[in-house]
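What follows is a set of notes on a single structure, which appears directly below.
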Amino acid sequence: MSSYQKELEKYRDIDEDEILRTLSPEELEQLDCELQEMDPENMLLPAGLRQRDQTKKSPTGPLDRDALLQYLEQQALEVKERDDLVPFTGEKKGKPYIQPKREIPAEEQITLEPELEEALSHATDAEMCDIAAILGMYTLMSNKQYYDAICSGEICNTEGISSVVQPDKYKPVPDEPPNPTNIEEMLKRVRSNDKELEEVNLNNIQDIPIPVLSDLCDAMKTNTYVRSFSLVATKSGDPIANAVADMLRENRSLQSLNIESNFISSTGLMAVLKAVRENATLTELRVDNQRQWPGDAVEMEMATVLEQCPSIVRFGYHFTQQGPRARAAQAVTRNNELRRQQKKR
C-alpha cells in the first residue's frame, strides 16, 4: 500500500454528521459558500454562473445601460496616455538596400550573329513573348499567353512577358427565355386530337395546377398524334406520376416521355415503370434527377423493365448501383440492335 493510500485510510471512518454538528453558524455559512463554487473556466456558462456571488453590497438601483456606457467612455477619456519609452521622431536610420548588379562571366555570355542581335534589339514585347513560347520558356508567361503563341500562327500576345496574369473574359450567356406554351390552349388541342400537334412541351412551367396536369394526362389517353410528352421541372409529384401511368396503359401513339427534375418518389416511379410494360410504342423514357433517390428496388425494376421491353432504345437515368447499371446498359444495347435489324428487314 502506498503512502497516499495510507493517508486516505484515516479518513475512511470519519463521521461527517458529527463534524457538521460541531460547526458554528459562521463556519456553516462559509462551507455553504465553498459548496456553491462553480467552474470558472467553463466558457459555455455565462459569466454570472461561473462562480458564486461574493458581493456584499446592496444594489444601488436598476441598471441603466446608456449611463454606464457614458461613464465608461468618460473615464477612458480622462485616463492619461502613457508616454512612449522611445519617442517617435520619424527619422530614418540606416541605408536603403540596393541589389548589387551581377556580372555575367565570360564563359556564360552568348554571342549571337549580328542579324539576330539587331532583330532582337528592335523586337516588341509581344514578339519576345511569342519567341519565348516557341523556345519552350513557359515559366516566363501565363498559360494563356503560351498556348496562344503555340496554337496561333500570328502574334496575338499584346501584354508582353512581364504582364500581370489576368482572368479570361467570357461572354455572358443569357438565360433561356420562359416557356411560351399556353396550357389551356394546349389542353384543348390535345382533347380535340389535333393532327398538327405532335409534341407537348411544358418544361420549366412550375405553376401548373395539379388538376390541369391530370386533365392533360387524361386527354392523352385517347390522343393518336402526339409523339413526345415532356414535363421537365414542373414540380410534379406522385399524383401526376400515377396519372402518367394510367395514360401509358391506354395510349398507343406516344414515343417519348420525359418527367425529369420533379418531385416524384419511389412509389410514383414504380407506378410509371409498371405501366411501361403494358405500352409497346414508347421508345424513349427519361426519369432522372428527382428530388430524392428512388432506392435500390426501383433501380432493379428499371433494369428489369428495359430487359422486358425491347421497344425502349433510349433511357435517361443515372444509376448509383453497378448491377442495375450494367443490366440496363446491356438491355439498351440489345434493344438498339433489334431495332436496327427490324429496319433492315
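All residue names refer to the C-alpha cells as shown: chains lettered A, B, ... in order, residues numbered from 1 in each chain, ligands numbered from 1 in order.
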Test item: residues at most 9 Å from range 168-181 of chain A, only C-alpha atoms, excluding those fewer than 2 positions along its chain, as JSON, numbers by chain
{"A": [144, 166, 183, 185, 186, 200, 201, 202, 203, 204, 205]}
Quick one: write out the picked residues with C-alpha atoms as a short mmCIF file (atom, residue, chain, number, x, y, z; two decimals), in the first residue's frame?
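Writing the result to out21.cif gives the following:
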data_model
loop_
_atom_site.label_atom_id
_atom_site.label_comp_id
_atom_site.auth_asym_id
_atom_site.auth_seq_id
_atom_site.Cartn_x
_atom_site.Cartn_y
_atom_site.Cartn_z
CA LYS A 144 -2.96 31.65 -71.96
CA GLN A 166 -5.47 38.28 -65.65
CA ILE A 183 -51.63 25.50 -71.03
CA GLU A 185 -54.85 26.07 -75.47
CA MET A 186 -52.59 23.03 -75.34
CA VAL A 200 -46.41 18.63 -75.83
CA ASN A 201 -43.61 20.57 -74.11
CA LEU A 202 -44.40 22.01 -70.67
CA ASN A 203 -40.79 22.20 -69.44
CA ASN A 204 -39.92 24.70 -66.68
CA ILE A 205 -43.52 25.83 -66.15
#
Once you count only C-alpha atoms, what closest atom pair and distance in Å to one decimal does each residue of range 253-319 of chain A within 12 Å of range 332-337 of chain A have, with rows by chain and rising residue number, as JSON lines?
{"residue": "A:Thr283", "atom": "CA", "partner": "A:Asn335", "partner_atom": "CA", "distance": 9.7}
{"residue": "A:Glu284", "atom": "CA", "partner": "A:Val332", "partner_atom": "CA", "distance": 10.6}
{"residue": "A:Leu285", "atom": "CA", "partner": "A:Val332", "partner_atom": "CA", "distance": 11.5}
{"residue": "A:Met302", "atom": "CA", "partner": "A:Val332", "partner_atom": "CA", "distance": 11.3}
{"residue": "A:Ala303", "atom": "CA", "partner": "A:Val332", "partner_atom": "CA", "distance": 9.4}
{"residue": "A:Thr304", "atom": "CA", "partner": "A:Val332", "partner_atom": "CA", "distance": 11.3}
{"residue": "A:Val305", "atom": "CA", "partner": "A:Val332", "partner_atom": "CA", "distance": 10.5}
{"residue": "A:Leu306", "atom": "CA", "partner": "A:Val332", "partner_atom": "CA", "distance": 6.7}
{"residue": "A:Glu307", "atom": "CA", "partner": "A:Val332", "partner_atom": "CA", "distance": 7.9}
{"residue": "A:Gln308", "atom": "CA", "partner": "A:Asn335", "partner_atom": "CA", "distance": 9.9}
{"residue": "A:Cys309", "atom": "CA", "partner": "A:Asn335", "partner_atom": "CA", "distance": 8.2}
{"residue": "A:Pro310", "atom": "CA", "partner": "A:Asn335", "partner_atom": "CA", "distance": 5.0}
{"residue": "A:Ser311", "atom": "CA", "partner": "A:Asn335", "partner_atom": "CA", "distance": 6.6}
{"residue": "A:Ile312", "atom": "CA", "partner": "A:Asn335", "partner_atom": "CA", "distance": 6.7}
{"residue": "A:Val313", "atom": "CA", "partner": "A:Asn336", "partner_atom": "CA", "distance": 5.4}
{"residue": "A:Arg314", "atom": "CA", "partner": "A:Val332", "partner_atom": "CA", "distance": 6.9}
{"residue": "A:Phe315", "atom": "CA", "partner": "A:Val332", "partner_atom": "CA", "distance": 7.6}
{"residue": "A:Gly316", "atom": "CA", "partner": "A:Val332", "partner_atom": "CA", "distance": 10.9}
Taking 3 positions as the minimum chain separation for residues in the same chain, which residues sit within 12 Å of Ser192 in chain A when counting only C-alpha atoms? Answer as a PyMOL selection string.
chain A and resi 185-189+195-197+216+219-220+222-226
Store the residues picked out above in a file with N, CA and C atoms, as a short mmCIF file (atom, residue, chain, number, x, y, z; two decimals), in the first residue's frame.
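Output saved as selection-v6.cif:
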data_model
loop_
_atom_site.label_atom_id
_atom_site.label_comp_id
_atom_site.auth_asym_id
_atom_site.auth_seq_id
_atom_site.Cartn_x
_atom_site.Cartn_y
_atom_site.Cartn_z
N GLU A 185 -54.78 26.35 -74.04
CA GLU A 185 -54.85 26.07 -75.47
C GLU A 185 -54.29 24.69 -75.80
N MET A 186 -53.19 24.34 -75.11
CA MET A 186 -52.59 23.03 -75.34
C MET A 186 -53.54 21.91 -74.92
N LEU A 187 -54.26 22.09 -73.81
CA LEU A 187 -55.21 21.10 -73.35
C LEU A 187 -56.36 20.93 -74.35
N LYS A 188 -56.81 22.03 -74.92
CA LYS A 188 -57.90 21.95 -75.90
C LYS A 188 -57.44 21.21 -77.16
N ARG A 189 -56.21 21.46 -77.59
CA ARG A 189 -55.71 20.80 -78.80
C ARG A 189 -55.51 19.31 -78.57
N LYS A 195 -54.32 17.11 -85.47
CA LYS A 195 -53.38 16.37 -86.30
C LYS A 195 -52.00 17.04 -86.35
N GLU A 196 -51.97 18.36 -86.22
CA GLU A 196 -50.69 19.08 -86.33
C GLU A 196 -49.91 19.10 -85.01
N LEU A 197 -50.50 18.65 -83.95
CA LEU A 197 -49.83 18.65 -82.64
C LEU A 197 -49.13 17.31 -82.43
N LEU A 216 -54.74 16.89 -68.52
CA LEU A 216 -53.92 16.74 -69.71
C LEU A 216 -53.52 15.27 -69.92
N ALA A 219 -56.52 13.44 -71.21
CA ALA A 219 -56.75 13.71 -72.63
C ALA A 219 -55.75 12.97 -73.51
N MET A 220 -54.54 12.71 -72.98
CA MET A 220 -53.54 11.99 -73.75
C MET A 220 -53.90 10.51 -73.94
N THR A 222 -56.53 9.17 -75.21
CA THR A 222 -57.20 8.92 -76.49
C THR A 222 -56.56 9.66 -77.64
N ASN A 223 -55.48 10.40 -77.38
CA ASN A 223 -54.82 11.15 -78.45
C ASN A 223 -53.99 10.19 -79.30
N THR A 224 -54.02 10.38 -80.61
CA THR A 224 -53.31 9.47 -81.53
C THR A 224 -52.25 10.16 -82.36
N TYR A 225 -51.95 11.44 -82.10
CA TYR A 225 -51.00 12.18 -82.92
C TYR A 225 -49.80 12.69 -82.12
N VAL A 226 -49.90 12.86 -80.84
CA VAL A 226 -48.78 13.36 -80.03
C VAL A 226 -47.72 12.27 -79.91
#
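Going from CA of Asn251 in chain A to CA of Pro324 in chain A covers 27.9 Å.
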